[in-house]
Every structure is written in C-alpha cells, then in structure tokens.
$ cat final-v9.tsv   # TSV, C-alpha atoms
chain	number	residue	atom	x	y	z
A	1	MET	CA	73.39	106.97	147.91
A	2	GLY	CA	70.23	106.32	145.86
A	3	ASN	CA	69.85	107.38	142.24
A	4	ASP	CA	67.33	110.10	143.14
A	5	LYS	CA	69.87	111.98	145.23
A	6	LEU	CA	72.75	111.23	142.84
A	7	PHE	CA	70.86	112.53	139.79
A	8	LEU	CA	69.57	115.58	141.66
A	9	LEU	CA	73.13	116.41	142.75
A	10	ARG	CA	74.09	116.19	139.06
A	11	ALA	CA	71.26	118.61	138.12
A	12	VAL	CA	72.54	121.05	140.77
A	13	GLU	CA	76.11	120.64	139.46
A	14	ILE	CA	74.88	121.48	135.94
A	15	ALA	CA	73.13	124.59	137.29
A	16	GLY	CA	76.53	125.69	138.62
A	17	ASN	CA	78.10	124.95	135.23
A	18	GLY	CA	75.37	127.15	133.72
A	19	ILE	CA	76.56	130.16	135.71
A	20	GLN	CA	80.17	129.54	134.66
A	21	ASN	CA	79.19	129.35	130.97
A	22	GLY	CA	76.94	132.42	130.73
A	23	GLY	CA	73.70	130.51	131.32
A	24	GLY	CA	71.11	130.93	134.06
A	25	PRO	CA	71.42	129.25	137.51
A	26	PHE	CA	69.17	126.27	136.79
A	27	GLY	CA	70.06	122.70	135.82
A	28	ALA	CA	67.97	119.67	134.89
A	29	VAL	CA	68.49	116.00	134.11
A	30	VAL	CA	66.14	113.37	132.67
A	31	SER	CA	66.68	109.71	133.58
A	32	LYS	CA	65.25	106.46	132.24
A	33	ASP	CA	65.90	102.91	133.54
A	34	GLY	CA	68.41	104.23	136.10
A	35	LYS	CA	70.50	106.13	133.55
A	36	ILE	CA	70.75	109.83	132.69
A	37	ILE	CA	69.61	110.39	129.08
A	38	SER	CA	69.75	114.20	128.90
A	39	GLU	CA	71.19	117.17	130.80
A	40	ALA	CA	70.83	120.93	130.33
A	41	TYR	CA	71.25	124.30	131.99
A	42	ASN	CA	69.21	127.43	131.35
A	43	ARG	CA	70.15	129.10	128.03
A	44	VAL	CA	67.54	131.87	127.78
A	45	VAL	CA	70.04	134.70	127.41
A	46	LEU	CA	72.72	132.62	125.65
A	47	THR	CA	70.36	131.61	122.83
A	48	SER	CA	67.84	134.52	122.89
A	49	ASP	CA	65.09	131.98	123.57
A	50	PRO	CA	62.65	132.73	126.44
A	51	THR	CA	61.62	129.05	126.49
A	52	ALA	CA	65.18	127.71	126.93
A	53	HIS	CA	64.77	126.72	130.59
A	54	ALA	CA	66.86	123.79	131.82
A	55	GLU	CA	63.83	121.48	132.11
A	56	ILE	CA	62.44	122.34	128.65
A	57	LEU	CA	65.84	121.69	127.05
A	58	ALA	CA	66.36	118.43	128.96
A	59	ILE	CA	62.85	117.25	127.99
A	60	ARG	CA	63.38	118.15	124.32
A	61	GLN	CA	66.74	116.35	124.30
A	62	ALA	CA	65.32	113.26	125.99
A	63	ALA	CA	62.38	113.13	123.53
A	64	SER	CA	64.76	113.51	120.61
A	65	PHE	CA	66.96	110.71	122.00
A	66	LEU	CA	63.97	108.39	122.51
A	67	LYS	CA	62.35	109.52	119.22
A	68	SER	CA	59.04	109.97	121.07
A	69	HIS	CA	57.06	112.84	122.59
A	70	ASP	CA	56.07	110.42	125.38
A	71	LEU	CA	58.52	110.36	128.31
A	72	GLY	CA	56.21	108.28	130.49
A	73	ASP	CA	59.03	106.10	131.81
A	74	CYS	CA	61.32	109.00	132.67
A	75	THR	CA	62.06	110.98	135.84
A	76	LEU	CA	63.04	114.65	135.82
A	77	TYR	CA	65.56	116.12	138.29
A	78	SER	CA	65.82	119.88	138.63
A	79	SER	CA	67.93	122.20	140.78
A	80	CYS	CA	64.74	124.21	141.40
A	81	GLU	CA	60.99	123.51	141.39
A	82	PRO	CA	59.88	123.74	137.75
A	83	CYS	CA	58.13	126.99	136.78
A	84	PRO	CA	54.59	126.77	135.30
A	85	MET	CA	55.97	126.58	131.74
A	86	CYS	CA	58.23	123.66	132.62
A	87	LEU	CA	55.56	122.01	134.76
A	88	GLY	CA	53.19	122.15	131.80
A	89	ALA	CA	55.88	120.53	129.63
A	90	ILE	CA	56.33	117.79	132.26
A	91	TYR	CA	52.60	116.97	132.07
A	92	TRP	CA	52.54	117.01	128.26
A	93	ALA	CA	55.58	114.70	128.22
A	94	GLY	CA	53.84	112.26	130.56
A	95	ILE	CA	56.65	112.35	133.12
A	96	LYS	CA	55.37	110.87	136.40
A	97	LYS	CA	58.04	111.88	138.93
A	98	VAL	CA	59.94	115.11	139.60
A	99	VAL	CA	62.77	115.50	142.13
A	100	TYR	CA	63.98	119.01	142.99
A	101	SER	CA	66.14	121.04	145.39
A	102	CYS	CA	65.04	124.72	145.69
A	103	ASP	CA	61.45	125.94	145.37
A	104	ARG	CA	59.63	128.90	143.79
A	105	THR	CA	60.24	131.07	146.87
A	106	ASP	CA	64.01	130.48	146.65
A	107	ALA	CA	63.82	131.37	142.92
A	108	GLU	CA	61.97	134.58	143.79
A	109	GLY	CA	64.75	135.43	146.25
A	110	ALA	CA	67.25	135.04	143.39
A	111	GLY	CA	65.26	137.50	141.25
A	112	PHE	CA	63.12	135.16	139.13
A	113	SER	CA	59.39	135.39	138.38
A	114	ASP	CA	58.36	131.75	138.99
A	115	LYS	CA	56.15	132.55	141.99
A	116	LEU	CA	54.51	135.52	140.26
A	117	ILE	CA	53.70	133.40	137.20
A	118	TYR	CA	52.18	130.66	139.40
A	119	GLU	CA	49.94	133.32	140.95
A	120	GLU	CA	48.95	134.75	137.55
A	121	ILE	CA	48.13	131.34	136.04
A	122	MET	CA	45.63	130.62	138.80
A	123	LEU	CA	43.63	133.76	137.93
A	124	ASP	CA	40.80	134.01	135.44
A	125	PRO	CA	42.30	135.33	132.17
A	126	ALA	CA	40.33	138.57	132.60
A	127	ASN	CA	42.07	139.33	135.92
A	128	ARG	CA	45.71	138.82	134.86
A	129	LYS	CA	48.39	141.48	134.34
A	130	ILE	CA	48.49	140.44	130.66
A	131	THR	CA	45.53	141.51	128.49
A	132	PHE	CA	43.50	138.48	127.36
A	133	LEU	CA	41.03	139.12	124.53
A	134	ARG	CA	38.75	136.35	123.35
A	135	MET	CA	37.09	136.55	119.91
A	136	THR	CA	34.80	133.56	119.49
A	137	ASP	CA	33.60	134.47	115.96
A	138	THR	CA	36.88	133.46	114.35
A	139	GLY	CA	36.36	129.80	113.45
A	140	GLY	CA	38.45	128.19	116.17
A	141	LYS	CA	35.82	125.57	117.02
A	142	GLU	CA	35.56	124.57	113.35
A	143	VAL	CA	39.23	123.47	113.49
A	144	PHE	CA	38.52	121.21	116.48
A	145	ARG	CA	35.51	119.82	114.57
A	146	LYS	CA	37.79	118.87	111.67
A	147	TRP	CA	40.27	117.32	114.10
A	148	ASP	CA	37.46	115.30	115.67
A	149	GLU	CA	36.50	113.91	112.25
A	150	LEU	CA	40.10	113.06	111.31
A	151	GLU	CA	40.82	109.34	111.24
A	152	ASN	CA	44.07	107.61	112.31
A	153	LYS	CA	45.31	110.58	114.34
A	154	ILE	CA	47.94	110.02	117.01
A	155	PRO	CA	46.76	111.31	120.42
A	156	TYR	CA	49.25	113.38	122.43
B	1	MET	CA	38.57	144.66	110.06
B	2	GLY	CA	41.15	145.42	112.78
B	3	ASN	CA	44.51	143.73	113.01
B	4	ASP	CA	43.48	141.76	116.11
B	5	LYS	CA	40.75	139.92	114.24
B	6	LEU	CA	42.81	139.63	111.04
B	7	PHE	CA	45.80	138.09	112.83
B	8	LEU	CA	43.60	135.78	114.91
B	9	LEU	CA	41.89	134.54	111.72
B	10	ARG	CA	45.39	133.81	110.38
B	11	ALA	CA	46.26	131.82	113.53
B	12	VAL	CA	43.06	129.79	113.06
B	13	GLU	CA	43.90	129.25	109.38
B	14	ILE	CA	47.34	127.94	110.40
B	15	ALA	CA	45.69	125.56	112.88
B	16	GLY	CA	43.74	124.16	109.93
B	17	ASN	CA	46.95	123.86	107.91
B	18	GLY	CA	48.40	121.94	110.86
B	19	ILE	CA	45.74	119.24	110.54
B	20	GLN	CA	46.37	118.95	106.80
B	21	ASN	CA	50.12	118.56	107.35
B	22	GLY	CA	50.13	115.98	110.13
B	23	GLY	CA	50.35	118.53	112.96
B	24	GLY	CA	47.98	119.18	115.85
B	25	PRO	CA	44.88	121.44	115.53
B	26	PHE	CA	46.45	124.57	117.03
B	27	GLY	CA	47.90	127.64	115.31
B	28	ALA	CA	49.67	130.74	116.64
B	29	VAL	CA	51.02	134.00	115.28
B	30	VAL	CA	53.25	136.66	116.89
B	31	SER	CA	52.96	140.27	115.69
B	32	LYS	CA	55.05	143.37	116.27
B	33	ASP	CA	54.34	146.92	115.03
B	34	GLY	CA	51.28	145.74	113.12
B	35	LYS	CA	53.10	142.99	111.23
B	36	ILE	CA	53.23	139.22	111.67
B	37	ILE	CA	56.80	138.14	112.52
B	38	SER	CA	56.23	134.42	113.16
B	39	GLU	CA	53.65	131.69	112.56
B	40	ALA	CA	53.47	128.05	113.65
B	41	TYR	CA	51.17	125.08	114.10
B	42	ASN	CA	51.51	122.31	116.67
B	43	ARG	CA	54.30	119.85	115.75
B	44	VAL	CA	54.42	117.61	118.85
B	45	VAL	CA	53.90	114.36	116.97
B	46	LEU	CA	55.62	115.50	113.76
B	47	THR	CA	58.88	116.31	115.56
B	48	SER	CA	58.64	113.99	118.62
B	49	ASP	CA	58.81	117.08	120.84
B	50	PRO	CA	56.25	117.40	123.66
B	51	THR	CA	57.02	121.13	123.91
B	52	ALA	CA	56.33	121.87	120.22
B	53	HIS	CA	53.02	123.65	120.77
B	54	ALA	CA	52.06	126.34	118.25
B	55	GLU	CA	52.61	129.18	120.75
B	56	ILE	CA	56.01	127.88	121.93
B	57	LEU	CA	57.23	127.54	118.34
B	58	ALA	CA	55.89	130.98	117.34
B	59	ILE	CA	57.54	132.56	120.41
B	60	ARG	CA	60.87	130.84	119.70
B	61	GLN	CA	60.76	131.94	116.06
B	62	ALA	CA	59.87	135.53	116.98
B	63	ALA	CA	62.70	135.67	119.56
B	64	SER	CA	65.14	134.26	117.02
B	65	PHE	CA	64.00	136.84	114.45
B	66	LEU	CA	64.35	139.72	116.94
B	67	LYS	CA	67.57	138.25	118.40
B	68	SER	CA	66.15	138.80	121.90
B	69	HIS	CA	64.42	136.74	124.57
B	70	ASP	CA	62.30	139.83	125.33
B	71	LEU	CA	59.12	140.04	123.23
B	72	GLY	CA	57.69	142.92	125.29
B	73	ASP	CA	56.41	144.78	122.20
B	74	CYS	CA	54.71	141.73	120.66
B	75	THR	CA	51.17	140.36	120.68
B	76	LEU	CA	50.37	136.65	120.49
B	77	TYR	CA	47.35	135.28	118.58
B	78	SER	CA	46.30	131.70	119.15
B	79	SER	CA	43.48	129.54	117.79
B	80	CYS	CA	42.97	128.32	121.37
B	81	GLU	CA	43.62	129.68	124.87
B	82	PRO	CA	47.28	128.90	125.63
B	83	CYS	CA	47.86	125.90	127.92
B	84	PRO	CA	49.84	126.46	131.16
B	85	MET	CA	53.15	125.63	129.42
B	86	CYS	CA	52.52	128.21	126.70
B	87	LEU	CA	51.09	130.73	129.17
B	88	GLY	CA	54.30	130.41	131.20
B	89	ALA	CA	56.32	131.03	128.03
B	90	ILE	CA	54.21	134.13	127.31
B	91	TYR	CA	55.06	135.56	130.74
B	92	TRP	CA	58.77	134.74	130.42
B	93	ALA	CA	58.81	136.39	126.98
B	94	GLY	CA	57.22	139.55	128.43
B	95	ILE	CA	54.32	139.48	125.95
B	96	LYS	CA	51.58	141.82	127.22
B	97	LYS	CA	48.56	140.88	125.08
B	98	VAL	CA	47.05	137.56	123.99
B	99	VAL	CA	44.11	137.20	121.56
B	100	TYR	CA	42.46	133.78	121.21
B	101	SER	CA	39.47	131.94	119.77
B	102	CYS	CA	38.64	128.66	121.62
B	103	ASP	CA	39.24	128.08	125.33
B	104	ARG	CA	40.50	125.24	127.57
B	105	THR	CA	37.01	123.68	127.72
B	106	ASP	CA	36.81	123.51	123.91
B	107	ALA	CA	40.29	121.92	123.90
B	108	GLU	CA	39.13	119.36	126.47
B	109	GLY	CA	36.19	118.52	124.18
B	110	ALA	CA	38.70	117.86	121.38
B	111	GLY	CA	40.61	115.41	123.61
B	112	PHE	CA	43.40	117.61	125.00
B	113	SER	CA	44.61	117.92	128.60
B	114	ASP	CA	44.82	121.73	128.91
B	115	LYS	CA	42.06	121.99	131.53
B	116	LEU	CA	43.44	119.08	133.57
B	117	ILE	CA	46.91	120.64	133.60
B	118	TYR	CA	45.47	124.00	134.73
B	119	GLU	CA	43.80	122.18	137.63
B	120	GLU	CA	46.98	120.28	138.55
B	121	ILE	CA	49.19	123.39	138.48
B	122	MET	CA	47.00	125.11	141.04
B	123	LEU	CA	47.54	122.28	143.56
B	124	ASP	CA	50.30	122.04	146.10
B	125	PRO	CA	53.05	119.81	144.58
B	126	ALA	CA	52.32	117.15	147.22
B	127	ASN	CA	48.70	116.80	146.02
B	128	ARG	CA	49.31	116.40	142.27
B	129	LYS	CA	48.96	113.25	140.14
B	130	ILE	CA	52.71	113.48	139.47
B	131	THR	CA	55.04	112.54	142.35
B	132	PHE	CA	57.00	115.58	143.58
B	133	LEU	CA	59.96	114.83	145.83
B	134	ARG	CA	61.95	117.67	147.36
B	135	MET	CA	65.49	117.07	148.65
B	136	THR	CA	66.78	120.26	150.23
B	137	ASP	CA	70.21	118.89	151.25
B	138	THR	CA	71.49	118.91	147.66
B	139	GLY	CA	73.11	122.34	147.33
B	140	GLY	CA	70.46	124.09	145.24
B	141	LYS	CA	70.50	127.25	147.34
B	142	GLU	CA	74.29	127.50	147.02
B	143	VAL	CA	73.84	127.91	143.23
B	144	PHE	CA	71.46	130.84	143.75
B	145	ARG	CA	73.97	132.33	146.20
B	146	LYS	CA	76.66	132.21	143.49
B	147	TRP	CA	74.22	133.76	141.00
B	148	ASP	CA	73.48	136.53	143.48
B	149	GLU	CA	77.19	137.33	143.77
B	150	LEU	CA	77.74	137.29	139.99
B	151	GLU	CA	78.42	140.72	138.51
B	152	ASN	CA	77.22	141.98	135.09
B	153	LYS	CA	74.54	139.34	134.72
B	154	ILE	CA	71.66	139.96	132.32
B	155	PRO	CA	68.28	139.65	134.08
B	156	TYR	CA	65.59	137.63	132.30
$ encode --input "final-v9.tsv" --output "structure tokens"
Amino acid sequence: MGNDKLFLLRAVEIAGNGIQNGGGPFGAVVSKDGKIISEAYNRVVLTSDPTAHAEILAIRQAASFLKSHDLGDCTLYSSCEPCPMCLGAIYWAGIKKVVYSCDRTDAEGAGFSDKLIYEEIMLDPANRKITFLRMTDTGGKEVFRKWDELENKIPY
Amino acid sequence: MGNDKLFLLRAVEIAGNGIQNGGGPFGAVVSKDGKIISEAYNRVVLTSDPTAHAEILAIRQAASFLKSHDLGDCTLYSSCEPCPMCLGAIYWAGIKKVVYSCDRTDAEGAGFSDKLIYEEIMLDPANRKITFLRMTDTGGKEVFRKWDELENKIPY
C-alpha cells in the first residue's frame, strides 16, 4: 500500500478517535519526506474555538514543528474535503497536494455547513447571507502604503 | 461617529501597529454589545503560523473570552476584506456582520494572494493549482455514519 492511502487511512482513524473523545468527526494528518509530522481531529466544541478544524490544527502543529509558516514540501491528508477556511489555510501554507476521503456533499449529509460556505464565498460580498459593509474612508490603503515602503520584510 | 466607523478605525490602527511590531499589515477587532472584546494583527511570520491572520486571531480570542465557539452576537471589523480562510472562519463562528476598509484587489497590490485564493476556491478541485486526490475506499463515510448515530452531540 502506498503512503498516500496509508496516511489517509490514518487521518480517517483519527476522525474516529475524535468522535470517541468528544471532538468532531474529522481527522487530518500532515506528512513531509514520507513521514507524518502532525495529526489532529476537530476540537471546535472541545476548545470553544470555531477555527479548530482538524486541518487547521494539523497545519499549525506542522508549522510549529518545522518552525516555518511555509509547508511547501508537505502533503495534507483529510478524512473529508477541506472546507473553505481550511482550503484557504492550505494555500497560505503553500501545501501543494491534498488527499481526502469524503467530500462537501457527504459533510452536508452529516449536518455540516461546508457546502453552504463554498456557495457563499463565491458570491459578491453584497449578495451573501452575512452583511458586508465597506468603509473606504478609514485609512486602510495607507497601511498597505507603509507596508510597501518597508524594507527587509519577509513575504508570506 | 458611529461605532462601526470607530471600531473599523481601531482595526486599521492595529494593522499599523502590526507593521511596527514585525507583524503583517492587517488588523481586526471583534465587538459585542457595543464593546470591543478582542483585537489582533497578523502574526504569520512572527509566530511561524500560516493561519495567524488578524481575523483568525481576533475570532479565537473572542471565542476564548466568551467561552463559546458561537460568536453569533458579534461583529468583525477588519482593515482589509477577509481572505477565504478568514471568511470561512467568520461563517463557522456564526458572525453576521463584517465591516472592512480595503478589498482583495488592494491586498493583491500589496503583494498578498487573497484574490488568487478566491479564484482557486471557486474551481472544481480537479482544476486547481494544488493537486487534489480523492480516495473514496478509505472509510471516511463510515465515520460520518458513526457521528450520525451519536446521541447528545453538540452541533457546530
């Protein structure tokens, strides 16, 4: 059995552990150079943290382990297709490969909002269920101007 | 001046503080009942955490303060339109209003990938720059089946 299947089976196993330990039914694993470097299950309710999805926690752990925000050489395995939040994190981390078992429609069947959030994110902010109010006269662009002028900054 | 503008100006001020303190040029504030309950600037490079965007940190702090993953009565203020990761977090947290200054195009001009990630997220997984590999014969659905049968679970 190849590593992709082996590590994905581990992510699914961790999702099952999540249920047993009061977490949500999602598990994720990050690998580098053929070895698992982090594992996590969903802890949203356990830790009162709406961002504590399995993938976010596994990415944060892997970055902490590697002492870098750049996980460009890593692969992420997840028991379910990452939601938009986790997918965004995957892009910011520079991860180039994702292996998964269930998808957003399966997650919807289990009572989760992944599919709804994908649909909302594609809309113009003005057309979403959440109210989006833009106030351009508040100096935001001036901050980017200062950033632009800053020397020796580390891109991310 | 109304609270919306006042709190957004504070988020922009925090973004400026971020630059001065080695953080990224983004600031966010969460308010509840007319008061600010959390503030943060981007700490991705400072903490080697690709998920440490201003909005994510402000949401995590607010949830920790309220001891709940549900921020349904809160408003988020951000110096820039939230990226897809942060927007996902906003939906998961149940936040119903977002006030912001710059948008994804301004962020792109400052060298950030927000707009690119929005474009990628809208694509079918098979068409993205990141490799997405689905393996359905790995037991993922069985975990959701167990979750479905679980009694007394807390929805999130």
$ calpha_fit_and_write --input "final-v9.tsv" --fixed "chain A" --moving "chain B" --output "mmCIF file with C-alpha atoms, in the coordinates of the input"
data_model
loop_
_atom_site.group_PDB
_atom_site.id
_atom_site.type_symbol
_atom_site.label_atom_id
_atom_site.label_comp_id
_atom_site.auth_asym_id
_atom_site.auth_seq_id
_atom_site.Cartn_x
_atom_site.Cartn_y
_atom_site.Cartn_z
ATOM 1 C CA MET B 1 73.373 106.959 147.917
ATOM 2 C CA GLY B 2 70.225 106.320 145.840
ATOM 3 C CA ASN B 3 69.839 107.375 142.243
ATOM 4 C CA ASP B 4 67.328 110.100 143.150
ATOM 5 C CA LYS B 5 69.868 111.981 145.235
ATOM 6 C CA LEU B 6 72.746 111.217 142.846
ATOM 7 C CA PHE B 7 70.866 112.520 139.799
ATOM 8 C CA LEU B 8 69.575 115.575 141.670
ATOM 9 C CA LEU B 9 73.146 116.418 142.753
ATOM 10 C CA ARG B 10 74.092 116.199 139.060
ATOM 11 C CA ALA B 11 71.270 118.606 138.120
ATOM 12 C CA VAL B 12 72.549 121.046 140.764
ATOM 13 C CA GLU B 13 76.110 120.647 139.462
ATOM 14 C CA ILE B 14 74.875 121.486 135.946
ATOM 15 C CA ALA B 15 73.130 124.590 137.309
ATOM 16 C CA GLY B 16 76.531 125.681 138.616
ATOM 17 C CA ASN B 17 78.100 124.961 135.226
ATOM 18 C CA GLY B 18 75.378 127.152 133.716
ATOM 19 C CA ILE B 19 76.558 130.168 135.710
ATOM 20 C CA GLN B 20 80.161 129.555 134.658
ATOM 21 C CA ASN B 21 79.171 129.356 130.984
ATOM 22 C CA GLY B 22 76.938 132.410 130.721
ATOM 23 C CA GLY B 23 73.686 130.507 131.323
ATOM 24 C CA GLY B 24 71.088 130.917 134.057
ATOM 25 C CA PRO B 25 71.420 129.248 137.510
ATOM 26 C CA PHE B 26 69.167 126.263 136.784
ATOM 27 C CA GLY B 27 70.074 122.690 135.837
ATOM 28 C CA ALA B 28 67.963 119.663 134.893
ATOM 29 C CA VAL B 29 68.499 116.001 134.119
ATOM 30 C CA VAL B 30 66.131 113.370 132.665
ATOM 31 C CA SER B 31 66.678 109.705 133.575
ATOM 32 C CA LYS B 32 65.252 106.463 132.244
ATOM 33 C CA ASP B 33 65.907 102.925 133.546
ATOM 34 C CA GLY B 34 68.412 104.224 136.085
ATOM 35 C CA LYS B 35 70.499 106.140 133.552
ATOM 36 C CA ILE B 36 70.744 109.830 132.687
ATOM 37 C CA ILE B 37 69.613 110.389 129.075
ATOM 38 C CA SER B 38 69.753 114.201 128.922
ATOM 39 C CA GLU B 39 71.199 117.173 130.805
ATOM 40 C CA ALA B 40 70.831 120.930 130.334
ATOM 41 C CA TYR B 41 71.261 124.299 132.001
ATOM 42 C CA ASN B 42 69.220 127.432 131.355
ATOM 43 C CA ARG B 43 70.174 129.093 128.037
ATOM 44 C CA VAL B 44 67.552 131.866 127.769
ATOM 45 C CA VAL B 45 70.050 134.695 127.410
ATOM 46 C CA LEU B 46 72.722 132.617 125.648
ATOM 47 C CA THR B 47 70.365 131.615 122.826
ATOM 48 C CA SER B 48 67.846 134.523 122.888
ATOM 49 C CA ASP B 49 65.096 131.983 123.590
ATOM 50 C CA PRO B 50 62.653 132.731 126.433
ATOM 51 C CA THR B 51 61.618 129.057 126.483
ATOM 52 C CA ALA B 52 65.170 127.707 126.934
ATOM 53 C CA HIS B 53 64.773 126.718 130.580
ATOM 54 C CA ALA B 54 66.867 123.786 131.817
ATOM 55 C CA GLU B 55 63.837 121.475 132.125
ATOM 56 C CA ILE B 56 62.449 122.346 128.667
ATOM 57 C CA LEU B 57 65.833 121.704 127.046
ATOM 58 C CA ALA B 58 66.364 118.436 128.962
ATOM 59 C CA ILE B 59 62.855 117.253 127.996
ATOM 60 C CA ARG B 60 63.394 118.147 124.327
ATOM 61 C CA GLN B 61 66.749 116.355 124.294
ATOM 62 C CA ALA B 62 65.321 113.260 125.998
ATOM 63 C CA ALA B 63 62.387 113.141 123.536
ATOM 64 C CA SER B 64 64.774 113.521 120.611
ATOM 65 C CA PHE B 65 66.962 110.718 121.996
ATOM 66 C CA LEU B 66 63.963 108.403 122.506
ATOM 67 C CA LYS B 67 62.359 109.528 119.216
ATOM 68 C CA SER B 68 59.052 109.986 121.066
ATOM 69 C CA HIS B 69 57.075 112.837 122.592
ATOM 70 C CA ASP B 70 56.067 110.415 125.374
ATOM 71 C CA LEU B 71 58.519 110.361 128.298
ATOM 72 C CA GLY B 72 56.187 108.283 130.496
ATOM 73 C CA ASP B 73 59.033 106.090 131.815
ATOM 74 C CA CYS B 74 61.329 109.012 132.679
ATOM 75 C CA THR B 75 62.058 110.983 135.841
ATOM 76 C CA LEU B 76 63.035 114.655 135.830
ATOM 77 C CA TYR B 77 65.569 116.129 138.290
ATOM 78 C CA SER B 78 65.818 119.880 138.626
ATOM 79 C CA SER B 79 67.933 122.190 140.783
ATOM 80 C CA CYS B 80 64.746 124.199 141.389
ATOM 81 C CA GLU B 81 61.000 123.499 141.394
ATOM 82 C CA PRO B 82 59.889 123.735 137.748
ATOM 83 C CA CYS B 83 58.129 126.986 136.793
ATOM 84 C CA PRO B 84 54.596 126.757 135.311
ATOM 85 C CA MET B 85 55.976 126.587 131.742
ATOM 86 C CA CYS B 86 58.238 123.659 132.615
ATOM 87 C CA LEU B 87 55.574 122.012 134.780
ATOM 88 C CA GLY B 88 53.206 122.152 131.796
ATOM 89 C CA ALA B 89 55.893 120.528 129.638
ATOM 90 C CA ILE B 90 56.322 117.787 132.262
ATOM 91 C CA TYR B 91 52.603 116.969 132.079
ATOM 92 C CA TRP B 92 52.544 117.009 128.267
ATOM 93 C CA ALA B 93 55.583 114.703 128.222
ATOM 94 C CA GLY B 94 53.816 112.259 130.572
ATOM 95 C CA ILE B 95 56.649 112.344 133.128
ATOM 96 C CA LYS B 96 55.370 110.862 136.408
ATOM 97 C CA LYS B 97 58.048 111.875 138.934
ATOM 98 C CA VAL B 98 59.929 115.116 139.604
ATOM 99 C CA VAL B 99 62.773 115.497 142.143
ATOM 100 C CA TYR B 100 63.972 119.013 143.003
ATOM 101 C CA SER B 101 66.130 121.031 145.384
ATOM 102 C CA CYS B 102 65.048 124.719 145.698
ATOM 103 C CA ASP B 103 61.461 125.936 145.369
ATOM 104 C CA ARG B 104 59.625 128.898 143.781
ATOM 105 C CA THR B 105 60.255 131.069 146.868
ATOM 106 C CA ASP B 106 64.021 130.478 146.641
ATOM 107 C CA ALA B 107 63.834 131.365 142.924
ATOM 108 C CA GLU B 108 61.965 134.571 143.781
ATOM 109 C CA GLY B 109 64.760 135.443 146.235
ATOM 110 C CA ALA B 110 67.253 135.035 143.372
ATOM 111 C CA GLY B 111 65.264 137.502 141.231
ATOM 112 C CA PHE B 112 63.116 135.164 139.114
ATOM 113 C CA SER B 113 59.387 135.392 138.366
ATOM 114 C CA ASP B 114 58.357 131.756 138.985
ATOM 115 C CA LYS B 115 56.148 132.557 141.990
ATOM 116 C CA LEU B 116 54.503 135.523 140.249
ATOM 117 C CA ILE B 117 53.700 133.394 137.200
ATOM 118 C CA TYR B 118 52.187 130.664 139.414
ATOM 119 C CA GLU B 119 49.934 133.321 140.954
ATOM 120 C CA GLU B 120 48.940 134.754 137.559
ATOM 121 C CA ILE B 121 48.128 131.346 136.048
ATOM 122 C CA MET B 122 45.629 130.626 138.795
ATOM 123 C CA LEU B 123 43.620 133.769 137.937
ATOM 124 C CA ASP B 124 40.805 134.020 135.460
ATOM 125 C CA PRO B 125 42.307 135.343 132.167
ATOM 126 C CA ALA B 126 40.328 138.581 132.592
ATOM 127 C CA ASN B 127 42.068 139.332 135.920
ATOM 128 C CA ARG B 128 45.705 138.826 134.864
ATOM 129 C CA LYS B 129 48.404 141.475 134.334
ATOM 130 C CA ILE B 130 48.487 140.427 130.665
ATOM 131 C CA THR B 131 45.529 141.501 128.495
ATOM 132 C CA PHE B 132 43.500 138.475 127.344
ATOM 133 C CA LEU B 133 41.032 139.120 124.537
ATOM 134 C CA ARG B 134 38.744 136.343 123.345
ATOM 135 C CA MET B 135 37.101 136.538 119.907
ATOM 136 C CA THR B 136 34.798 133.564 119.475
ATOM 137 C CA ASP B 137 33.575 134.463 115.957
ATOM 138 C CA THR B 138 36.884 133.464 114.351
ATOM 139 C CA GLY B 139 36.349 129.802 113.454
ATOM 140 C CA GLY B 140 38.434 128.173 116.184
ATOM 141 C CA LYS B 141 35.806 125.565 117.014
ATOM 142 C CA GLU B 142 35.539 124.563 113.346
ATOM 143 C CA VAL B 143 39.215 123.465 113.485
ATOM 144 C CA PHE B 144 38.506 121.195 116.462
ATOM 145 C CA ARG B 145 35.497 119.811 114.577
ATOM 146 C CA LYS B 146 37.777 118.870 111.661
ATOM 147 C CA TRP B 147 40.259 117.312 114.104
ATOM 148 C CA ASP B 148 37.442 115.301 115.651
ATOM 149 C CA GLU B 149 36.492 113.911 112.237
ATOM 150 C CA LEU B 150 40.100 113.065 111.310
ATOM 151 C CA GLU B 151 40.816 109.337 111.211
ATOM 152 C CA ASN B 152 44.081 107.637 112.293
ATOM 153 C CA LYS B 153 45.301 110.588 114.315
ATOM 154 C CA ILE B 154 47.927 110.023 117.002
ATOM 155 C CA PRO B 155 46.747 111.306 120.405
ATOM 156 C CA TYR B 156 49.227 113.371 122.422
#
$ closest_residue --input "final-v9.tsv" --among "B:Pro84, B:Tyr91, B:Ser68, B:Ile19" --to "Glu149 in chain A" --atoms "all atoms listed in the file"
B:Ile19
$ residues_around --input "final-v9.tsv" --residues "Glu81 in chain A" --least-positions-apart "3" --cutoff "12 Å" --atoms "all atoms listed in the file" --output "ChimeraX atom specification"
/A:8,11-12,26-28,53-55,76-78,84-87,90,98-108,114-115,118 /B:124-125,132-136,140-141
$ atom_distance --input "final-v9.tsv" --atom1 "CA of Ser31 in chain B" --atom2 "CA of Arg145 in chain A"
26.9 Å
$ closest_residue --input "final-v9.tsv" --among "B:Ala110, B:Val45, B:Leu6, B:Ala15" --to "His69 in chain A" --atoms "all atoms listed in the file"
B:Val45
$ closest_residue --input "final-v9.tsv" --among "A:Ile130, A:Ile37, A:Val29, A:Met1" --to "chain B" --atoms "only C-alpha atoms"
A:Ile130
$ closest_residue --input "final-v9.tsv" --among "B:Asn17, B:Ile59, B:Pro50, B:Arg128" --to "Gly72 in chain A" --atoms "all atoms listed in the file"
B:Pro50
$ atom_distance --input "final-v9.tsv" --atom1 "CA of Leu123 in chain A" --atom2 "CA of Ile121 in chain B"
11.8 Å
$ atom_distance --input "final-v9.tsv" --atom1 "CA of Arg43 in chain A" --atom2 "CA of Gly23 in chain B"
27.0 Å
$ closest_residue --input "final-v9.tsv" --among "A:Gln20, A:Asp73, A:Trp147, A:Ser113" --to "Ala93 in chain B" --atoms "all atoms listed in the file"
A:Ser113
$ closest_residue --input "final-v9.tsv" --among "B:Ser79, B:Ala58, B:Glu142, B:Cys74" --to "Arg10 in chain B" --atoms "all atoms listed in the file"
B:Ser79
$ residues_around --input "final-v9.tsv" --residues "Lys35 in chain B" --least-positions-apart "3" --cutoff "9 Å" --atoms "all atoms listed in the file" --output "list of chain:residue names"
B:Asn3, B:Phe7, B:Val30, B:Ser31, B:Lys32
$ residues_around --input "final-v9.tsv" --residues "Ser64 in chain B" --least-positions-apart "4" --cutoff "7 Å" --atoms "all atoms listed in the file" --output "list in words"
Ser48 and Asp49 of chain A; Arg60 and Ser68 of chain B
